[in-house]
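Below: structure.cif (mmCIF, C-alpha atoms (C1' of nucleotides))
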data_entry
loop_
_atom_site.label_atom_id
_atom_site.label_comp_id
_atom_site.auth_asym_id
_atom_site.auth_seq_id
_atom_site.Cartn_x
_atom_site.Cartn_y
_atom_site.Cartn_z
CA MET A 1 -82.34 15.81 164.36
CA PRO A 2 -79.28 15.36 166.48
CA THR A 3 -77.57 12.02 166.43
CA PRO A 4 -79.04 9.78 169.10
CA PRO A 5 -76.68 9.12 171.98
CA ALA A 6 -74.51 6.04 171.59
CA LEU A 7 -75.52 3.27 173.96
CA SER A 8 -73.32 0.68 175.61
CA ASP A 9 -74.40 -2.95 175.90
CA THR A 10 -75.86 -2.64 179.35
CA GLU A 11 -77.49 0.63 178.46
CA TRP A 12 -79.23 -1.16 175.61
CA ASP A 13 -80.52 -3.71 178.09
CA VAL A 14 -82.04 -0.92 180.13
CA MET A 15 -83.39 1.04 177.18
CA ASN A 16 -85.06 -2.05 175.76
CA VAL A 17 -87.00 -2.44 178.97
CA VAL A 18 -88.03 1.20 178.87
CA TRP A 19 -89.05 1.07 175.22
CA ASP A 20 -91.08 -2.07 175.84
CA ARG A 21 -92.97 -0.91 178.89
CA HIS A 22 -92.78 2.80 179.40
CA PRO A 23 -93.59 4.54 181.53
CA VAL A 24 -91.55 2.56 184.02
CA THR A 25 -90.19 3.12 187.51
CA ALA A 26 -86.67 2.21 188.51
CA ALA A 27 -88.15 -0.72 190.38
CA ASP A 28 -89.75 -1.98 187.19
CA VAL A 29 -86.45 -1.93 185.36
CA ILE A 30 -84.63 -3.52 188.25
CA GLU A 31 -87.17 -6.30 188.30
CA ALA A 32 -86.85 -6.78 184.56
CA LEU A 33 -83.06 -7.13 184.78
CA PRO A 34 -82.40 -9.69 187.49
CA ASN A 35 -78.82 -10.14 186.34
CA ARG A 36 -77.72 -6.73 187.51
CA SER A 37 -77.76 -5.32 190.99
CA ALA A 38 -80.36 -2.71 191.81
CA GLN A 39 -77.63 -0.13 192.32
CA THR A 40 -76.17 -0.83 188.94
CA VAL A 41 -79.51 -0.35 187.24
CA LYS A 42 -80.04 2.91 189.10
CA THR A 43 -76.67 4.16 187.92
CA LEU A 44 -77.50 3.24 184.36
CA LEU A 45 -80.85 5.01 184.49
CA ASN A 46 -79.10 8.08 185.78
CA ARG A 47 -76.48 8.02 183.06
CA LEU A 48 -79.14 7.54 180.40
CA LEU A 49 -80.99 10.55 181.78
CA HIS A 50 -77.89 12.68 181.59
CA LYS A 51 -77.04 11.60 178.10
CA GLY A 52 -80.53 12.45 176.96
CA ALA A 53 -81.79 8.98 176.18
CA LEU A 54 -84.45 9.11 178.89
CA CYS A 55 -86.78 11.64 180.39
CA TYR A 56 -89.19 11.31 183.29
CA GLU A 57 -92.13 12.73 185.17
CA THR A 58 -92.28 12.71 188.93
CA GLU A 59 -94.89 10.62 190.62
CA GLY A 60 -94.68 11.29 194.33
CA LYS A 61 -91.03 10.77 195.02
CA ARG A 62 -90.64 8.20 192.27
CA TYR A 63 -89.71 8.83 188.67
CA ARG A 64 -91.64 7.44 185.76
CA TYR A 65 -89.12 7.06 182.99
CA ARG A 66 -89.82 7.31 179.30
CA PRO A 67 -87.61 7.10 176.24
CA ALA A 68 -86.41 10.48 174.98
CA VAL A 69 -85.20 8.96 171.71
CA THR A 70 -86.85 6.44 169.44
CA ARG A 71 -85.67 2.89 169.38
CA GLU A 72 -85.73 3.11 165.62
CA ARG A 73 -83.13 5.83 165.49
CA CYS A 74 -80.89 4.13 167.99
CA LEU A 75 -81.14 0.83 166.15
CA ARG A 76 -80.08 2.44 162.92
CA GLN A 77 -77.19 4.14 164.56
CA ALA A 78 -76.00 0.99 166.28
CA SER A 79 -76.46 -1.22 163.24
CA LYS A 80 -74.62 1.19 161.05
CA SER A 81 -71.67 1.35 163.39
CA PHE A 82 -71.64 -2.41 163.83
CA ILE A 83 -71.67 -3.02 160.09
CA THR A 84 -68.99 -0.43 159.48
CA HIS A 85 -66.51 -1.86 161.91
CA VAL A 86 -67.32 -5.54 162.17
CA PHE A 87 -68.49 -6.25 158.63
CA SER A 88 -66.28 -3.74 156.84
CA GLY A 89 -69.30 -1.74 155.85
CA ASP A 90 -71.09 -4.48 153.95
CA PRO A 91 -74.62 -5.05 155.25
CA GLY A 92 -75.18 -7.88 152.80
CA SER A 93 -72.49 -10.01 154.35
CA LEU A 94 -73.95 -9.40 157.79
CA VAL A 95 -77.36 -10.64 156.69
CA SER A 96 -75.73 -13.58 155.04
CA HIS A 97 -73.76 -14.37 158.15
CA LEU A 98 -76.90 -14.23 160.24
CA ILE A 99 -78.84 -16.58 158.02
CA GLU A 100 -75.98 -19.01 158.14
CA HIS A 101 -74.98 -18.89 161.73
CA HIS A 102 -77.83 -17.67 163.81
CA ARG A 103 -80.77 -19.98 163.89
CA LEU A 104 -83.85 -18.36 162.53
CA THR A 105 -87.25 -19.91 162.94
CA GLU A 106 -89.30 -21.06 160.00
CA ASP A 107 -91.51 -18.06 160.59
CA ASP A 108 -88.49 -15.80 160.46
CA LEU A 109 -87.44 -17.28 157.17
CA ALA A 110 -90.91 -16.99 155.71
CA ALA A 111 -91.19 -13.38 156.87
CA LEU A 112 -87.84 -12.60 155.34
CA ARG A 113 -88.85 -14.14 152.06
CA ASP A 114 -91.89 -11.90 151.99
CA GLN A 115 -89.79 -8.93 152.89
CA LEU A 116 -87.35 -9.70 150.11
CA ASP A 117 -90.16 -9.90 147.61
CA GLU A 118 -91.35 -6.58 148.87
CA ALA A 119 -87.89 -5.09 148.62
CA LYS A 120 -87.60 -6.35 145.10
CA LYS A 121 -90.63 -4.50 143.77
CA PRO A 122 -89.56 -2.11 141.05
CA GLY A 123 -89.99 1.57 141.60
CA ARG A 124 -89.91 1.17 145.32
CA LYS A 125 -88.34 4.13 147.05
CA ARG A 126 -85.01 3.41 148.66
CA ARG A 127 -84.06 5.53 151.58
CA ARG A 128 -80.76 7.15 151.15
CA MET B 129 -61.81 -23.87 172.04
CA PRO B 130 -61.42 -20.79 174.15
CA THR B 131 -63.70 -17.88 173.47
CA PRO B 132 -62.08 -15.52 171.00
CA PRO B 133 -61.00 -12.23 172.53
CA ALA B 134 -63.60 -9.47 172.37
CA LEU B 135 -62.65 -6.76 169.92
CA SER B 136 -63.42 -3.07 170.12
CA ASP B 137 -64.51 -1.09 167.07
CA THR B 138 -61.04 0.15 166.19
CA GLU B 139 -59.57 -3.26 166.85
CA TRP B 140 -62.02 -4.68 164.31
CA ASP B 141 -60.76 -2.17 161.79
CA VAL B 142 -57.23 -3.41 162.33
CA MET B 143 -58.15 -7.08 162.39
CA ASN B 144 -60.07 -6.79 159.17
CA VAL B 145 -56.97 -5.52 157.45
CA VAL B 146 -54.95 -8.37 158.84
CA TRP B 147 -57.50 -10.98 157.88
CA ASP B 148 -57.71 -9.59 154.38
CA ARG B 149 -54.02 -9.37 153.64
CA HIS B 150 -51.94 -11.30 156.07
CA PRO B 151 -49.11 -11.49 156.55
CA VAL B 152 -48.85 -7.75 157.01
CA THR B 153 -46.34 -5.36 158.51
CA ALA B 154 -47.33 -2.49 160.76
CA ALA B 155 -46.66 -0.18 157.84
CA ASP B 156 -49.18 -2.09 155.72
CA VAL B 157 -51.88 -1.67 158.33
CA ILE B 158 -51.04 1.98 158.87
CA GLU B 159 -51.35 2.55 155.16
CA ALA B 160 -54.65 0.73 155.04
CA LEU B 161 -56.11 2.86 157.83
CA PRO B 162 -55.43 6.47 156.85
CA ASN B 163 -57.95 7.75 159.38
CA ARG B 164 -55.83 6.85 162.37
CA SER B 165 -52.39 8.05 163.25
CA ALA B 166 -49.52 5.66 162.81
CA GLN B 167 -48.95 5.63 166.54
CA THR B 168 -52.51 4.69 167.22
CA VAL B 169 -52.35 1.77 164.83
CA LYS B 170 -49.12 0.57 166.42
CA THR B 171 -50.73 0.65 169.84
CA LEU B 172 -53.69 -1.32 168.55
CA LEU B 173 -51.45 -3.94 166.98
CA ASN B 174 -49.65 -4.29 170.26
CA ARG B 175 -52.85 -4.68 172.24
CA LEU B 176 -54.15 -7.24 169.78
CA LEU B 177 -50.93 -9.19 170.18
CA HIS B 178 -51.29 -9.20 173.94
CA LYS B 179 -54.88 -10.23 173.88
CA GLY B 180 -54.03 -13.12 171.62
CA ALA B 181 -55.80 -11.99 168.48
CA LEU B 182 -52.57 -11.68 166.50
CA CYS B 183 -49.28 -13.48 166.23
CA TYR B 184 -46.21 -12.66 164.18
CA GLU B 185 -42.93 -13.82 162.78
CA THR B 186 -39.89 -11.59 162.74
CA GLU B 187 -38.52 -10.48 159.42
CA GLY B 188 -35.36 -8.56 160.08
CA LYS B 189 -36.42 -6.10 162.70
CA ARG B 190 -40.00 -5.92 161.39
CA TYR B 191 -42.92 -8.06 162.41
CA ARG B 192 -45.12 -9.86 159.98
CA TYR B 193 -48.49 -10.10 161.65
CA ARG B 194 -51.03 -12.84 161.15
CA PRO B 195 -54.40 -13.54 162.72
CA ALA B 196 -54.27 -15.88 165.69
CA VAL B 197 -58.03 -16.34 165.68
CA THR B 198 -60.39 -16.90 162.79
CA ARG B 199 -62.57 -14.12 161.55
CA GLU B 200 -65.42 -16.58 161.57
CA ARG B 201 -65.26 -17.17 165.29
CA CYS B 202 -64.91 -13.49 166.06
CA LEU B 203 -67.85 -12.64 163.83
CA ARG B 204 -70.05 -15.12 165.59
CA GLN B 205 -69.04 -13.83 168.95
CA ALA B 206 -69.63 -10.22 168.02
CA SER B 207 -72.91 -10.86 166.25
CA LYS B 208 -74.22 -12.86 169.14
CA SER B 209 -73.41 -10.15 171.62
CA PHE B 210 -74.85 -7.48 169.37
CA ILE B 211 -78.09 -9.37 168.90
CA THR B 212 -78.37 -10.12 172.58
CA HIS B 213 -78.07 -6.55 173.74
CA VAL B 214 -79.30 -4.44 170.85
CA PHE B 215 -82.00 -6.71 169.44
CA SER B 216 -83.07 -8.34 172.68
CA GLY B 217 -81.73 -11.66 171.49
CA ASP B 218 -83.86 -11.92 168.36
CA PRO B 219 -81.74 -12.45 165.24
CA GLY B 220 -84.83 -12.40 163.04
CA SER B 221 -85.63 -8.84 163.91
CA LEU B 222 -82.06 -7.81 163.17
CA VAL B 223 -82.23 -9.33 159.70
CA SER B 224 -85.56 -7.70 159.17
CA HIS B 225 -84.20 -4.36 160.30
CA LEU B 226 -81.29 -4.68 157.92
CA ILE B 227 -83.41 -5.46 154.92
CA GLU B 228 -85.58 -2.48 155.69
CA HIS B 229 -83.05 0.12 156.63
CA HIS B 230 -79.71 -0.73 155.14
CA ARG B 231 -79.59 -0.61 151.42
CA LEU B 232 -78.76 -3.94 149.92
CA THR B 233 -77.90 -4.33 146.29
CA GLU B 234 -80.04 -6.39 143.94
CA ASP B 235 -77.31 -8.97 144.02
CA ASP B 236 -77.45 -9.06 147.78
CA LEU B 237 -81.17 -9.61 147.69
CA ALA B 238 -80.90 -12.33 145.09
CA ALA B 239 -78.17 -14.06 147.05
CA LEU B 240 -80.26 -13.88 150.20
CA ARG B 241 -83.22 -15.38 148.42
CA ASP B 242 -81.08 -18.29 147.35
CA GLN B 243 -79.74 -18.64 150.83
CA LEU B 244 -83.22 -18.68 152.26
CA ASP B 245 -84.26 -21.39 149.86
CA GLU B 246 -81.25 -23.34 150.94
CA ALA B 247 -82.07 -22.82 154.59
CA LYS B 248 -85.59 -23.97 153.95
CA LYS B 249 -84.67 -27.35 152.55
CA PRO B 250 -86.28 -30.03 154.64
CA GLY B 251 -84.02 -32.39 156.50
CA ARG B 252 -81.24 -29.85 156.57
CA LYS B 253 -79.24 -30.11 159.71
CA ARG B 254 -79.63 -27.11 161.98
CA ARG B 255 -76.72 -26.31 164.17
CA ARG B 256 -77.47 -26.47 167.84
"C1'" DT C 257 -92.30 8.57 217.29
"C1'" DG C 258 -88.42 6.41 216.15
"C1'" DT C 259 -86.61 3.14 213.03
"C1'" DA C 260 -86.42 0.58 208.89
"C1'" DA C 261 -87.26 0.49 203.98
"C1'" DT C 262 -87.27 3.33 199.58
"C1'" DC C 263 -85.67 6.62 196.23
"C1'" DG C 264 -82.79 9.26 193.61
"C1'" DT C 265 -77.95 11.32 193.94
"C1'" DT C 266 -73.14 11.23 194.58
"C1'" DT C 267 -68.86 9.10 194.92
"C1'" DA C 268 -65.70 5.30 193.85
"C1'" DC C 269 -62.93 2.41 191.19
"C1'" DA C 270 -60.87 -0.88 188.29
"C1'" DG C 271 -60.61 -2.10 183.55
"C1'" DA C 272 -61.37 -0.98 178.61
"C1'" DT C 273 -60.83 2.40 174.78
"C1'" DG C 274 -59.03 5.75 171.64
"C1'" DT C 275 -55.23 8.72 170.87
"C1'" DC C 276 -50.55 9.88 171.11
"C1'" DA C 277 -45.71 11.08 172.79
"C1'" DT C 278 -41.53 9.29 174.12
"C1'" DC C 279 -37.80 5.84 174.42
"C1'" DG C 280 -34.05 2.87 173.20
"C1'" DG C 281 -32.14 0.17 169.67
"C1'" DA C 282 -31.14 -1.02 164.75
"C1'" DC C 283 -30.17 0.87 160.21
"C1'" DC C 284 -29.06 3.66 156.68
"C1'" DT C 285 -26.71 7.59 154.60
"C1'" DG C 286 -23.66 11.08 153.92
"C1'" DC D 287 -18.63 7.93 162.57
"C1'" DA D 288 -22.75 11.20 163.32
"C1'" DG D 289 -27.23 12.37 162.56
"C1'" DG D 290 -31.64 11.08 160.89
"C1'" DT D 291 -34.99 7.33 160.34
"C1'" DC D 292 -37.80 3.40 161.26
"C1'" DC D 293 -39.40 -0.09 164.53
"C1'" DG D 294 -41.54 -2.07 168.33
"C1'" DA D 295 -42.14 -1.11 173.44
"C1'" DT D 296 -43.65 1.65 177.04
"C1'" DG D 297 -45.86 5.45 179.30
"C1'" DA D 298 -49.69 8.80 179.39
"C1'" DC D 299 -54.23 10.36 179.69
"C1'" DA D 300 -58.96 11.58 179.24
"C1'" DT D 301 -63.18 9.20 178.66
"C1'" DC D 302 -66.24 5.39 178.85
"C1'" DT D 303 -68.05 1.06 181.13
"C1'" DG D 304 -69.70 -2.00 184.49
"C1'" DT D 305 -70.47 -2.52 189.13
"C1'" DA D 306 -71.58 -1.01 193.45
"C1'" DA D 307 -71.22 1.40 198.16
"C1'" DA D 308 -72.51 5.50 200.69
"C1'" DC D 309 -75.53 9.53 201.42
"C1'" DG D 310 -79.49 12.42 202.38
"C1'" DA D 311 -84.33 12.86 202.09
"C1'" DT D 312 -88.76 10.72 202.53
"C1'" DT D 313 -92.05 7.43 203.55
"C1'" DA D 314 -94.08 3.61 205.96
"C1'" DC D 315 -94.42 0.61 209.64
"C1'" DA D 316 -94.19 -0.95 214.43
#

Rewrite the coordinates I just gave you, this time as structure tokens.
Amino acid sequence: MPTPPALSDTEWDVMNVVWDRHPVTAADVIEALPNRSAQTVKTLLNRLLHKGALCYETEGKRYRYRPAVTRERCLRQASKSFITHVFSGDPGSLVSHLIEHHRLTEDDLAALRDQLDEAKKPGRKRRR
Amino acid sequence: MPTPPALSDTEWDVMNVVWDRHPVTAADVIEALPNRSAQTVKTLLNRLLHKGALCYETEGKRYRYRPAVTRERCLRQASKSFITHVFSGDPGSLVSHLIEHHRLTEDDLAALRDQLDEAKKPGRKRRR
DNA sequence: TGTAATCGTTTACAGATGTCATCGGACCTG
DNA sequence: CAGGTCCGATGACATCTGTAAACGATTACA
């Protein structure tokens, strides 16, 4: 279980498209990211291939890209790094900050309440 | 209200020290960050000065650094960017991810529950 | 059939990042 | 006073990022 490759902001944008709709062609990703030029997206796909975040099968001359790493693992990695540097390693203060400063919907809040109750249950296994 | 300067991971490490104990000398920061070489820390302090994140007063030949931007503003900025790219703009799913995958203490959970209750109060003003 | 549109690949490039070495001046110490 | 020390400033440098042009092969259309 090697560490998943670190992703830059724009690489996350690309990977999110791939995770959401794989398999995808370059054209699909380009269409999904109207803010970046087609060339830029192509470069990013290529870099992600080389850093092992993507894989592909050939379909005619096109590629059909797929994730080569799970979103889950990348999210953990990124969140951990973010918390370490930005929130001095304290996940609690990040959550707190989010609830205070980033508008959550009523549904979000309700879901979180449920999740907290769940997390509270005694005897629940905590992952290390 | 100009946008606060973007901070890199190592710059956050430095800024957190400054926010926690300002005013600080370079030596203070170097001591607080044993993982980086003294030279590296000095370079970071210099860059942070030039990008307007720090200011200082002279004390003899030393500098006494202070934050030139609030941690609050920088945190918002960084969290927003992180959510946008890594969590596709959905703060709720970040909070959810944190509760699931990043161990929070019982105190954290209790505090969050209180915070949620607070956030739930009807008629509470939501920021834009 | 030749020409334009597609694709992935390669090359480019400026700016950011992380890490340090070196430099010139002030200071202290013997 | 001379040599070492400490300080901030400056120079270096490899790598990463974001953005995109140029290239060669292939396909599709006129």

Dump as a PyMOL selection string the residues of chain A that approach chain C to within 10 Å, counting all atoms listed in the file.
chain A and resi 26-27+42-43+46+61-63

Show me, as JSON, numbers by chain, the residues that have an atom within 12 Å of range 226-239 of chain B when counting only C-alpha atoms (C1' of nucleotides), minus same-chain residues fewer than 2 positions from it.
{"A": [72, 73, 75, 76, 77, 78, 79, 80, 81, 82, 83, 84, 89, 90, 91, 92, 93, 94, 95, 96, 97, 98, 99, 111, 112, 113, 114, 115, 116, 117, 118, 119, 120, 121, 122, 124, 125, 126, 127, 128], "B": [215, 219, 220, 221, 222, 223, 224, 241, 242, 243, 244, 245, 246]}

Hey, could you lay chain B over chain A with a least-squares C-alpha fit (all atoms, paired in order) and save it as a PDB file with C-alpha atoms, in the frame of the given file?
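Contents of result-v2.pdb, freshly written:
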ATOM      1  CA  MET B 129     -82.294  15.839 164.299  1.00  0.00           C
ATOM      2  CA  PRO B 130     -79.310  15.349 166.523  1.00  0.00           C
ATOM      3  CA  THR B 131     -77.597  12.004 166.472  1.00  0.00           C
ATOM      4  CA  PRO B 132     -79.056   9.765 169.146  1.00  0.00           C
ATOM      5  CA  PRO B 133     -76.697   9.114 172.034  1.00  0.00           C
ATOM      6  CA  ALA B 134     -74.520   6.030 171.648  1.00  0.00           C
ATOM      7  CA  LEU B 135     -75.542   3.263 174.004  1.00  0.00           C
ATOM      8  CA  SER B 136     -73.339   0.672 175.642  1.00  0.00           C
ATOM      9  CA  ASP B 137     -74.401  -2.962 175.924  1.00  0.00           C
ATOM     10  CA  THR B 138     -75.840  -2.644 179.414  1.00  0.00           C
ATOM     11  CA  GLU B 139     -77.496   0.623 178.518  1.00  0.00           C
ATOM     12  CA  TRP B 140     -79.245  -1.180 175.661  1.00  0.00           C
ATOM     13  CA  ASP B 141     -80.535  -3.716 178.140  1.00  0.00           C
ATOM     14  CA  VAL B 142     -82.047  -0.927 180.196  1.00  0.00           C
ATOM     15  CA  MET B 143     -83.387   1.010 177.234  1.00  0.00           C
ATOM     16  CA  ASN B 144     -85.067  -2.045 175.825  1.00  0.00           C
ATOM     17  CA  VAL B 145     -87.016  -2.433 179.024  1.00  0.00           C
ATOM     18  CA  VAL B 146     -88.038   1.183 178.919  1.00  0.00           C
ATOM     19  CA  TRP B 147     -89.060   1.052 175.289  1.00  0.00           C
ATOM     20  CA  ASP B 148     -91.096  -2.064 175.901  1.00  0.00           C
ATOM     21  CA  ARG B 149     -92.991  -0.908 178.948  1.00  0.00           C
ATOM     22  CA  HIS B 150     -92.776   2.785 179.471  1.00  0.00           C
ATOM     23  CA  PRO B 151     -93.569   4.538 181.609  1.00  0.00           C
ATOM     24  CA  VAL B 152     -91.531   2.561 184.100  1.00  0.00           C
ATOM     25  CA  THR B 153     -90.170   3.142 187.575  1.00  0.00           C
ATOM     26  CA  ALA B 154     -86.646   2.218 188.579  1.00  0.00           C
ATOM     27  CA  ALA B 155     -88.123  -0.713 190.460  1.00  0.00           C
ATOM     28  CA  ASP B 156     -89.744  -1.982 187.258  1.00  0.00           C
ATOM     29  CA  VAL B 157     -86.442  -1.938 185.422  1.00  0.00           C
ATOM     30  CA  ILE B 158     -84.605  -3.534 188.320  1.00  0.00           C
ATOM     31  CA  GLU B 159     -87.157  -6.303 188.349  1.00  0.00           C
ATOM     32  CA  ALA B 160     -86.852  -6.780 184.622  1.00  0.00           C
ATOM     33  CA  LEU B 161     -83.071  -7.127 184.813  1.00  0.00           C
ATOM     34  CA  PRO B 162     -82.397  -9.700 187.531  1.00  0.00           C
ATOM     35  CA  ASN B 163     -78.819 -10.166 186.359  1.00  0.00           C
ATOM     36  CA  ARG B 164     -77.687  -6.768 187.551  1.00  0.00           C
ATOM     37  CA  SER B 165     -77.738  -5.368 191.027  1.00  0.00           C
ATOM     38  CA  ALA B 166     -80.318  -2.756 191.841  1.00  0.00           C
ATOM     39  CA  GLN B 167     -77.593  -0.195 192.347  1.00  0.00           C
ATOM     40  CA  THR B 168     -76.137  -0.868 188.964  1.00  0.00           C
ATOM     41  CA  VAL B 169     -79.477  -0.390 187.268  1.00  0.00           C
ATOM     42  CA  LYS B 170     -80.022   2.871 189.130  1.00  0.00           C
ATOM     43  CA  THR B 171     -76.656   4.141 187.968  1.00  0.00           C
ATOM     44  CA  LEU B 172     -77.480   3.208 184.396  1.00  0.00           C
ATOM     45  CA  LEU B 173     -80.824   4.979 184.548  1.00  0.00           C
ATOM     46  CA  ASN B 174     -79.079   8.052 185.826  1.00  0.00           C
ATOM     47  CA  ARG B 175     -76.469   7.991 183.089  1.00  0.00           C
ATOM     48  CA  LEU B 176     -79.135   7.506 180.452  1.00  0.00           C
ATOM     49  CA  LEU B 177     -80.975  10.515 181.827  1.00  0.00           C
ATOM     50  CA  HIS B 178     -77.861  12.641 181.608  1.00  0.00           C
ATOM     51  CA  LYS B 179     -77.022  11.561 178.132  1.00  0.00           C
ATOM     52  CA  GLY B 180     -80.510  12.426 177.004  1.00  0.00           C
ATOM     53  CA  ALA B 181     -81.786   8.956 176.227  1.00  0.00           C
ATOM     54  CA  LEU B 182     -84.445   9.082 178.940  1.00  0.00           C
ATOM     55  CA  CYS B 183     -86.773  11.620 180.450  1.00  0.00           C
ATOM     56  CA  TYR B 184     -89.185  11.303 183.345  1.00  0.00           C
ATOM     57  CA  GLU B 185     -92.101  12.741 185.214  1.00  0.00           C
ATOM     58  CA  THR B 186     -92.239  12.736 188.982  1.00  0.00           C
ATOM     59  CA  GLU B 187     -94.870  10.656 190.680  1.00  0.00           C
ATOM     60  CA  GLY B 188     -94.646  11.332 194.368  1.00  0.00           C
ATOM     61  CA  LYS B 189     -90.997  10.861 195.074  1.00  0.00           C
ATOM     62  CA  ARG B 190     -90.579   8.254 192.319  1.00  0.00           C
ATOM     63  CA  TYR B 191     -89.667   8.855 188.720  1.00  0.00           C
ATOM     64  CA  ARG B 192     -91.605   7.479 185.832  1.00  0.00           C
ATOM     65  CA  TYR B 193     -89.104   7.053 183.045  1.00  0.00           C
ATOM     66  CA  ARG B 194     -89.827   7.290 179.353  1.00  0.00           C
ATOM     67  CA  PRO B 195     -87.623   7.097 176.284  1.00  0.00           C
ATOM     68  CA  ALA B 196     -86.428  10.456 175.020  1.00  0.00           C
ATOM     69  CA  VAL B 197     -85.214   8.963 171.757  1.00  0.00           C
ATOM     70  CA  THR B 198     -86.867   6.442 169.489  1.00  0.00           C
ATOM     71  CA  ARG B 199     -85.698   2.886 169.427  1.00  0.00           C
ATOM     72  CA  GLU B 200     -85.757   3.114 165.670  1.00  0.00           C
ATOM     73  CA  ARG B 201     -83.148   5.831 165.509  1.00  0.00           C
ATOM     74  CA  CYS B 202     -80.927   4.124 168.041  1.00  0.00           C
ATOM     75  CA  LEU B 203     -81.167   0.834 166.183  1.00  0.00           C
ATOM     76  CA  ARG B 204     -80.104   2.442 162.963  1.00  0.00           C
ATOM     77  CA  GLN B 205     -77.216   4.146 164.614  1.00  0.00           C
ATOM     78  CA  ALA B 206     -76.016   1.003 166.324  1.00  0.00           C
ATOM     79  CA  SER B 207     -76.466  -1.220 163.299  1.00  0.00           C
ATOM     80  CA  LYS B 208     -74.622   1.193 161.098  1.00  0.00           C
ATOM     81  CA  SER B 209     -71.681   1.362 163.438  1.00  0.00           C
ATOM     82  CA  PHE B 210     -71.647  -2.389 163.877  1.00  0.00           C
ATOM     83  CA  ILE B 211     -71.675  -3.006 160.147  1.00  0.00           C
ATOM     84  CA  THR B 212     -69.006  -0.420 159.540  1.00  0.00           C
ATOM     85  CA  HIS B 213     -66.509  -1.843 161.973  1.00  0.00           C
ATOM     86  CA  VAL B 214     -67.329  -5.529 162.225  1.00  0.00           C
ATOM     87  CA  PHE B 215     -68.489  -6.221 158.675  1.00  0.00           C
ATOM     88  CA  SER B 216     -66.283  -3.717 156.896  1.00  0.00           C
ATOM     89  CA  GLY B 217     -69.314  -1.695 155.916  1.00  0.00           C
ATOM     90  CA  ASP B 218     -71.103  -4.444 154.008  1.00  0.00           C
ATOM     91  CA  PRO B 219     -74.640  -5.003 155.307  1.00  0.00           C
ATOM     92  CA  GLY B 220     -75.177  -7.838 152.844  1.00  0.00           C
ATOM     93  CA  SER B 221     -72.493  -9.952 154.392  1.00  0.00           C
ATOM     94  CA  LEU B 222     -73.959  -9.368 157.837  1.00  0.00           C
ATOM     95  CA  VAL B 223     -77.366 -10.595 156.710  1.00  0.00           C
ATOM     96  CA  SER B 224     -75.738 -13.532 155.050  1.00  0.00           C
ATOM     97  CA  HIS B 225     -73.779 -14.325 158.184  1.00  0.00           C
ATOM     98  CA  LEU B 226     -76.932 -14.193 160.251  1.00  0.00           C
ATOM     99  CA  ILE B 227     -78.869 -16.528 158.037  1.00  0.00           C
ATOM    100  CA  GLU B 228     -76.015 -18.982 158.144  1.00  0.00           C
ATOM    101  CA  HIS B 229     -75.006 -18.867 161.751  1.00  0.00           C
ATOM    102  CA  HIS B 230     -77.869 -17.652 163.855  1.00  0.00           C
ATOM    103  CA  ARG B 231     -80.807 -19.938 163.952  1.00  0.00           C
ATOM    104  CA  LEU B 232     -83.893 -18.340 162.555  1.00  0.00           C
ATOM    105  CA  THR B 233     -87.285 -19.895 162.930  1.00  0.00           C
ATOM    106  CA  GLU B 234     -89.306 -21.029 159.933  1.00  0.00           C
ATOM    107  CA  ASP B 235     -91.511 -18.046 160.530  1.00  0.00           C
ATOM    108  CA  ASP B 236     -88.519 -15.765 160.437  1.00  0.00           C
ATOM    109  CA  LEU B 237     -87.426 -17.231 157.150  1.00  0.00           C
ATOM    110  CA  ALA B 238     -90.881 -16.956 155.658  1.00  0.00           C
ATOM    111  CA  ALA B 239     -91.192 -13.369 156.809  1.00  0.00           C
ATOM    112  CA  LEU B 240     -87.809 -12.554 155.321  1.00  0.00           C
ATOM    113  CA  ARG B 241     -88.798 -14.085 152.026  1.00  0.00           C
ATOM    114  CA  ASP B 242     -91.845 -11.872 151.932  1.00  0.00           C
ATOM    115  CA  GLN B 243     -89.765  -8.895 152.849  1.00  0.00           C
ATOM    116  CA  LEU B 244     -87.318  -9.646 150.092  1.00  0.00           C
ATOM    117  CA  ASP B 245     -90.107  -9.875 147.572  1.00  0.00           C
ATOM    118  CA  GLU B 246     -91.328  -6.552 148.794  1.00  0.00           C
ATOM    119  CA  ALA B 247     -87.874  -5.048 148.530  1.00  0.00           C
ATOM    120  CA  LYS B 248     -87.578  -6.372 145.025  1.00  0.00           C
ATOM    121  CA  LYS B 249     -90.643  -4.638 143.671  1.00  0.00           C
ATOM    122  CA  PRO B 250     -89.640  -2.422 140.803  1.00  0.00           C
ATOM    123  CA  GLY B 251     -90.150   1.283 141.196  1.00  0.00           C
ATOM    124  CA  ARG B 252     -89.954   1.025 144.948  1.00  0.00           C
ATOM    125  CA  LYS B 253     -88.354   4.049 146.437  1.00  0.00           C
ATOM    126  CA  ARG B 254     -84.983   3.339 147.997  1.00  0.00           C
ATOM    127  CA  ARG B 255     -83.981   5.541 150.835  1.00  0.00           C
ATOM    128  CA  ARG B 256     -80.860   7.523 150.213  1.00  0.00           C
TER     129      ARG B 256
END

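The two atoms in question, CA of Thr10 in chain A and CA of His213 in chain B, are spaced 7.2 Å apart.
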
For CA of Ala166 in chain B and CA of Ser8 in chain A, determine how far apart the two atoms are, in Å to one decimal place.
27.5 Å

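Proximity ranking of D:DA311, D:DA316, D:DA306, D:DA300 relative to chain A places D:DA306 first, based on all atoms listed in the file.
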
Using only C-alpha atoms (C1' of nucleotides), select each residue of chain D with any atom at most 10 Å away from an atom of chain B, and give the selection as a PyMOL selection string.
chain D and resi 292-295

I need the chosen residues saved as a compact mmCIF listing (two decimals), in the frame of the given file, with C-alpha atoms (C1' of nucleotides).
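In the end it all went to result09.txt:
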# COMPACT_ATOMS: atom_id res chain seq x y z
C1' DC D 292 -37.80 3.40 161.26
C1' DC D 293 -39.40 -0.09 164.53
C1' DG D 294 -41.54 -2.07 168.33
C1' DA D 295 -42.14 -1.11 173.44
